[in-house]
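start-v8.cif follows (mmCIF, C-alpha atoms):
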data_coords
#
loop_
_atom_site.label_atom_id
_atom_site.label_comp_id
_atom_site.auth_asym_id
_atom_site.auth_seq_id
_atom_site.Cartn_x
_atom_site.Cartn_y
_atom_site.Cartn_z
CA MET A 1 45.24 1.86 17.82
CA ILE A 2 43.14 1.57 14.66
CA ALA A 3 39.90 -0.42 14.85
CA ILE A 4 38.63 -1.49 11.44
CA ASP A 5 35.34 -3.04 10.41
CA VAL A 6 35.54 -5.75 7.74
CA ASP A 7 32.57 -5.99 5.37
CA SER A 8 32.11 -2.97 3.09
CA THR A 9 34.96 -1.27 4.94
CA LEU A 10 38.24 -3.18 4.86
CA LEU A 11 36.97 -5.31 1.95
CA ASN A 12 35.67 -3.96 -1.34
CA GLU A 13 32.33 -4.96 -2.87
CA ASP A 14 33.93 -8.16 -4.22
CA ASN A 15 35.03 -9.04 -0.66
CA VAL A 16 38.65 -8.53 -1.67
CA LEU A 17 41.40 -7.05 0.50
CA THR A 18 43.42 -4.92 -1.93
CA GLU A 19 47.21 -4.75 -2.04
CA LYS A 20 47.05 -1.01 -1.34
CA THR A 21 45.09 -1.60 1.84
CA ILE A 22 47.38 -4.44 2.92
CA SER A 23 50.56 -2.38 2.45
CA THR A 24 49.08 0.66 4.22
CA VAL A 25 47.93 -1.37 7.23
CA GLN A 26 51.27 -3.15 7.43
CA ASN A 27 53.06 0.20 7.38
CA ALA A 28 50.94 1.30 10.35
CA VAL A 29 51.87 -1.89 12.22
CA LYS A 30 55.56 -1.16 11.59
CA LYS A 31 55.03 2.22 13.24
CA GLY A 32 53.84 0.44 16.39
CA ILE A 33 50.11 0.88 15.90
CA LYS A 34 47.73 -1.84 17.05
CA ILE A 35 45.38 -2.90 14.24
CA VAL A 36 42.19 -4.35 15.71
CA ILE A 37 39.88 -6.08 13.26
CA THR A 38 36.49 -5.26 14.76
CA SER A 39 33.70 -7.22 13.15
CA GLY A 40 30.30 -8.80 13.48
CA ARG A 41 31.88 -11.87 11.90
CA PRO A 42 32.77 -14.98 13.89
CA THR A 43 36.43 -15.72 14.51
CA SER A 44 36.65 -18.01 11.45
CA GLY A 45 35.58 -15.09 9.26
CA THR A 46 38.58 -12.96 10.14
CA VAL A 47 41.43 -15.51 10.10
CA SER A 48 42.33 -15.11 6.41
CA ILE A 49 42.25 -11.31 6.77
CA LEU A 50 44.56 -11.36 9.79
CA LYS A 51 46.96 -13.61 7.88
CA LYS A 52 47.04 -11.30 4.86
CA LEU A 53 47.71 -8.32 7.11
CA GLY A 54 50.52 -10.19 8.85
CA ILE A 55 49.04 -9.97 12.36
CA PHE A 56 47.63 -13.49 12.79
CA ASN A 57 48.66 -15.75 15.70
CA GLN A 58 50.21 -12.98 17.78
CA GLU A 59 49.73 -12.48 21.51
CA ASN A 60 50.20 -8.71 21.27
CA GLN A 61 47.66 -8.11 18.51
CA TYR A 62 43.92 -8.22 19.09
CA LYS A 63 40.58 -8.79 17.40
CA ILE A 64 36.96 -8.17 18.28
CA ASN A 65 34.29 -10.52 16.90
CA TYR A 66 30.51 -10.99 17.07
CA ASN A 67 29.94 -7.22 17.31
CA GLY A 68 31.88 -7.04 20.58
CA ALA A 69 30.74 -10.23 22.30
CA LEU A 70 34.26 -11.71 22.06
CA THR A 71 37.64 -10.02 22.38
CA SER A 72 40.79 -12.08 21.99
CA THR A 73 44.38 -12.00 20.85
CA THR A 74 44.94 -12.97 17.24
CA ALA A 75 46.57 -16.12 18.66
CA GLY A 76 43.20 -17.03 20.19
CA LYS A 77 43.62 -16.16 23.88
CA ILE A 78 40.27 -14.86 25.13
CA ILE A 79 40.36 -11.43 26.76
CA SER A 80 36.63 -11.14 27.38
CA LYS A 81 33.37 -12.68 26.24
CA ASN A 82 29.71 -11.93 26.91
CA PHE A 83 27.42 -14.44 25.20
CA LEU A 84 23.68 -14.97 24.99
CA SER A 85 21.88 -17.71 26.90
CA LEU A 86 19.90 -20.48 25.24
CA ASP A 87 16.74 -18.89 26.64
CA ASP A 88 17.72 -15.65 24.91
CA TYR A 89 18.00 -17.54 21.62
CA ARG A 90 14.65 -19.28 22.15
CA ASP A 91 12.91 -15.99 22.87
CA ILE A 92 14.40 -14.34 19.78
CA PHE A 93 13.32 -17.39 17.76
CA ARG A 94 9.71 -16.88 18.88
CA LEU A 95 10.03 -13.23 17.90
CA SER A 96 11.30 -14.24 14.44
CA GLU A 97 8.22 -16.39 13.92
CA ASN A 98 5.94 -13.51 14.93
CA LEU A 99 7.73 -11.18 12.51
CA GLY A 100 7.85 -13.70 9.66
CA LEU A 101 11.65 -13.66 9.48
CA LYS A 102 14.28 -16.38 9.41
CA ILE A 103 16.85 -16.73 12.18
CA GLN A 104 20.36 -18.05 12.75
CA ALA A 105 22.62 -18.24 15.78
CA GLU A 106 26.37 -17.77 15.65
CA SER A 107 28.29 -20.03 17.99
CA ILE A 108 32.01 -20.42 18.53
CA ASN A 109 32.20 -23.37 16.13
CA SER A 110 29.40 -22.88 13.62
CA ILE A 111 26.30 -21.10 12.43
CA ILE A 112 23.28 -22.83 13.94
CA THR A 113 20.04 -23.04 11.96
CA PRO A 114 16.74 -24.46 13.29
CA TYR A 115 15.54 -25.25 9.75
CA ASN A 116 15.87 -28.43 7.69
CA ASP A 117 16.01 -26.26 4.58
CA VAL A 118 18.87 -23.88 5.25
CA PRO A 119 17.95 -20.28 4.32
CA GLU A 120 19.96 -18.73 1.50
CA TYR A 121 21.16 -15.94 3.80
CA THR A 122 22.65 -18.55 6.15
CA THR A 123 24.31 -20.42 3.28
CA TYR A 124 25.81 -17.17 1.99
CA GLU A 125 27.02 -16.11 5.44
CA ALA A 126 28.64 -19.49 6.15
CA LYS A 127 30.59 -19.34 2.89
CA LEU A 128 31.58 -15.72 3.48
CA VAL A 129 32.95 -16.35 6.98
CA ASP A 130 34.37 -19.81 6.26
CA THR A 131 32.39 -21.76 8.83
CA LYS A 132 30.05 -24.74 8.88
CA VAL A 133 26.28 -24.77 9.28
CA GLU A 134 24.73 -27.01 11.92
CA HIS A 135 21.05 -27.89 11.92
CA ILE A 136 19.93 -28.04 15.56
CA GLU A 137 16.26 -28.03 16.52
CA MET A 138 15.41 -25.63 19.33
CA GLU A 139 14.57 -28.49 21.73
CA ASN A 140 17.94 -30.14 21.05
CA LEU A 141 20.13 -27.21 22.05
CA LYS A 142 22.81 -27.95 24.66
CA ASP A 143 24.67 -25.73 27.09
CA SER A 144 27.82 -26.43 25.08
CA ASP A 145 26.25 -24.57 22.13
CA GLN A 146 27.71 -21.22 23.16
CA ILE A 147 25.85 -18.51 21.30
CA ALA A 148 27.54 -15.17 20.79
CA GLU A 149 25.02 -13.53 18.50
CA VAL A 150 21.61 -14.16 16.95
CA MET A 151 20.53 -12.73 13.60
CA LEU A 152 17.12 -12.20 12.04
CA MET A 153 17.26 -12.29 8.26
CA GLY A 154 15.06 -11.20 5.41
CA GLN A 155 14.63 -8.96 2.40
CA VAL A 156 15.44 -5.30 3.01
CA GLU A 157 11.79 -4.21 3.07
CA LYS A 158 10.88 -6.92 5.61
CA ILE A 159 13.84 -6.02 7.83
CA GLU A 160 12.96 -2.32 7.71
CA LYS A 161 9.37 -3.10 8.69
CA ALA A 162 10.42 -5.53 11.44
CA SER A 163 12.87 -3.01 12.90
CA GLY A 164 9.95 -0.79 13.75
CA LEU A 165 7.99 -3.63 15.34
CA LEU A 166 10.52 -4.88 17.89
CA PRO A 167 8.98 -5.01 21.37
CA ASP A 168 10.38 -2.51 23.87
CA SER A 169 11.29 -5.41 26.13
CA PHE A 170 13.71 -6.74 23.49
CA GLU A 171 15.25 -3.31 22.96
CA GLU A 172 15.84 -3.12 26.72
CA ARG A 173 17.06 -6.69 27.11
CA PHE A 174 19.51 -6.90 24.18
CA SER A 175 21.87 -4.80 22.13
CA VAL A 176 20.16 -4.58 18.73
CA MET A 177 22.15 -3.51 15.68
CA SER A 178 22.68 -4.12 11.98
CA SER A 179 25.76 -4.86 9.90
CA SER A 180 23.72 -5.14 6.71
CA PRO A 181 20.25 -4.05 5.50
CA VAL A 182 19.17 -7.73 5.46
CA TYR A 183 19.99 -8.46 9.12
CA ILE A 184 18.82 -7.49 12.60
CA GLU A 185 21.47 -8.65 15.08
CA PHE A 186 21.10 -9.35 18.79
CA THR A 187 23.84 -9.59 21.41
CA LYS A 188 23.78 -9.35 25.19
CA ARG A 189 22.75 -6.00 26.59
CA ASN A 190 25.61 -3.46 26.58
CA VAL A 191 27.62 -5.53 24.10
CA SER A 192 28.86 -3.43 21.20
CA LYS A 193 32.00 -2.77 19.21
CA GLY A 194 32.45 0.48 21.09
CA GLU A 195 32.19 -1.13 24.52
CA ALA A 196 34.63 -3.89 23.55
CA LEU A 197 37.07 -1.34 22.19
CA LYS A 198 36.77 0.75 25.35
CA ASN A 199 37.54 -2.27 27.54
CA LEU A 200 40.48 -3.34 25.36
CA CYS A 201 41.93 0.16 25.49
CA ALA A 202 41.65 0.17 29.30
CA LYS A 203 43.57 -3.12 29.40
CA LEU A 204 46.32 -1.72 27.16
CA ASN A 205 46.41 1.77 28.75
CA ILE A 206 45.40 3.43 25.50
CA THR A 207 43.13 6.49 25.66
CA SER A 208 40.21 7.04 23.31
CA LYS A 209 42.09 10.02 21.84
CA GLU A 210 44.75 7.58 20.64
CA VAL A 211 42.21 5.49 18.71
CA MET A 212 40.96 5.70 15.14
CA ALA A 213 37.90 3.64 14.19
CA ILE A 214 36.71 3.05 10.63
CA GLY A 215 33.31 1.65 9.66
CA ASP A 216 30.22 1.90 7.50
CA GLN A 217 27.13 0.52 9.26
CA ASN A 218 24.85 0.86 12.26
CA ASN A 219 26.90 -1.61 14.30
CA ASP A 220 29.98 0.61 13.87
CA ILE A 221 28.45 3.76 15.35
CA SER A 222 29.43 2.93 18.95
CA MET A 223 33.12 2.58 18.12
CA ILE A 224 33.07 5.69 15.91
CA LYS A 225 31.66 7.67 18.85
CA PHE A 226 34.22 6.23 21.28
CA SER A 227 37.28 6.95 19.18
CA GLY A 228 39.26 10.15 19.03
CA ILE A 229 39.14 9.92 15.25
CA GLY A 230 35.93 8.35 13.97
CA VAL A 231 36.05 7.66 10.26
CA ALA A 232 33.05 6.92 8.07
CA MET A 233 33.52 5.16 4.78
CA GLY A 234 32.29 7.00 1.69
CA ASN A 235 29.71 4.21 1.34
CA ALA A 236 28.62 4.46 5.00
CA ILE A 237 25.03 4.98 6.09
CA PRO A 238 24.05 8.64 6.74
CA GLU A 239 23.64 8.04 10.49
CA LEU A 240 27.29 7.02 10.80
CA LYS A 241 28.56 9.89 8.68
CA LYS A 242 26.78 12.32 11.01
CA VAL A 243 28.79 11.18 14.05
CA ALA A 244 32.14 10.70 12.28
CA ASN A 245 35.02 13.18 12.38
CA PHE A 246 36.01 12.40 8.82
CA VAL A 247 34.50 10.76 5.74
CA THR A 248 37.01 8.84 3.66
CA LYS A 249 36.72 7.31 0.20
CA ASP A 250 34.41 4.34 -0.33
CA ASN A 251 35.42 0.69 0.01
CA ASN A 252 35.97 0.31 -3.73
CA ASN A 253 38.54 3.10 -3.67
CA ASN A 254 40.75 2.06 -0.76
CA GLY A 255 38.92 4.20 1.79
CA VAL A 256 40.68 2.54 4.74
CA ALA A 257 44.12 3.18 3.24
CA ASN A 258 43.13 6.76 2.44
CA ALA A 259 42.12 7.40 6.07
CA ILE A 260 45.24 5.81 7.54
CA ASP A 261 47.52 7.71 5.17
CA LYS A 262 45.82 10.99 6.02
CA PHE A 263 46.11 10.70 9.77
CA LEU A 264 49.51 8.99 9.92
CA VAL A 265 51.18 11.44 7.56
CA GLU A 266 49.50 14.73 8.43
#

As C-alpha cells:
Amino acid sequence: MIAIDVDSTLLNEDNVLTEKTISTVQNAVKKGIKIVITSGRPTSGTVSILKKLGIFNQENQYKINYNGALTSTTAGKIISKNFLSLDDYRDIFRLSENLGLKIQAESINSIITPYNDVPEYTTYEAKLVDTKVEHIEMENLKDSDQIAEVMLMGQVEKIEKASGLLPDSFEERFSVMSSSPVYIEFTKRNVSKGEALKNLCAKLNITSKEVMAIGDQNNDISMIKFSGIGVAMGNAIPELKKVANFVTKDNNNNGVANAIDKFLVE
C-alpha cells in the first residue's frame, strides 16, 4: 500500500498532477499496490485526482479524507468515520474569537462559514477542493450538518502565535494539526491520517511494513511514523523529515514518482 498526501505532495505548486506522477502511480496499481489518497481535503477535493489516477469509483480502492475522520472506498462506501459534534464546533468558534482568527467547518456536503462576508481563505479552499460554501449562523446549525473537521485560519504569523496559545483542554480534547502554515485544524481526539491508515491496514490484512507513506506537513507525521517506509517530500517541514526514512525530491520535481520508482525498482 502507498498512502499519498495531496497538497504540496502529489500536486506541484500550481496544483497540477503531472503526467510523470500519473504514469508512475498507475504502474504501481498494475503491480497490485493499493494507492490510498490520504488528505485533509473533503471528498469532493479528491475526486478529480482519483479519476486522473484511474482509481475512482472502485470498491477495492480506498481514500482517507478530513485528516483521517473519514475512510471510504473510492466508490463512496464508508469504512469508518469519526466526526465532531456541533458543541465541539461551537467551542472551537469561541476559541477562534478569543484568538482573533477566522473559522470554517468542513461538512460532508460543503464548507460552512458563520460569516456574512466569506473570508478569503474559505473562498480559496472551496475553489481548490471543488465544493460549495454555506453561510450558517452558529444558532442555526442542525444535527444534519455533519462536521468532520474545523479549521482556524489566518496569516502565518497569527497562526504561529495562536498555536502557542491553545488551551491545554483543547489539546487534550481534540487532535490538532496543520496541513498549511495558515491553518490550525481540529478533528476528534485520536483522529489522524496515521490512525486511519492503521485501521484500514487491519481491515485489509496489510502490515505496516508493507506500507509506504508520502507527505510534507505536520498532519502527515502520524502516517509517516506508522509506515514501514516513511517518505518526506523535499519541500517537507523539518519535523517531518526528521521522522522519515527517506527524503525524496520536492513536489515541483515529481518527488512522489521518484520515491515510488526507488522503492518499487530497488

>> Translate the PyMOL selection byres ((chain A and resi 171) around 12) into a concrete residue list for this structure, as a ChimeraX atom specification.
In response: /A:92,163-170,172-177,184-190

>> Using Å and a single decimal, report how far CA of Ala257 (chain A) sits from CA of Ile33 (chain A).
In response: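 Spanning CA of Ile33 (chain A) to CA of Ala257 (chain A) is a straight-line distance of 14.2 Å.
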
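Residue nearest Met138 (chain A), chosen from A:Tyr89, A:Tyr183, A:Phe263, A:Tyr121 and counting only C-alpha atoms: A:Tyr89.
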
>> When the PyMOL selection byres ((chain A and resi 47-50) around 12) is applied to the structure above, which residues does it catch, written out as a PyMOL selection string?
In response: chain A and resi 4-7+10-11+15-18+21-22+25-26+35-39+41-46+51-58+61-65+73-76+128-131

> Taking only C-alpha atoms into account, which of A:Ser208, A:Gln146, A:Thr113, A:Asn218 comes nearest Lys81 (chain A)?
Replying inline: A:Gln146
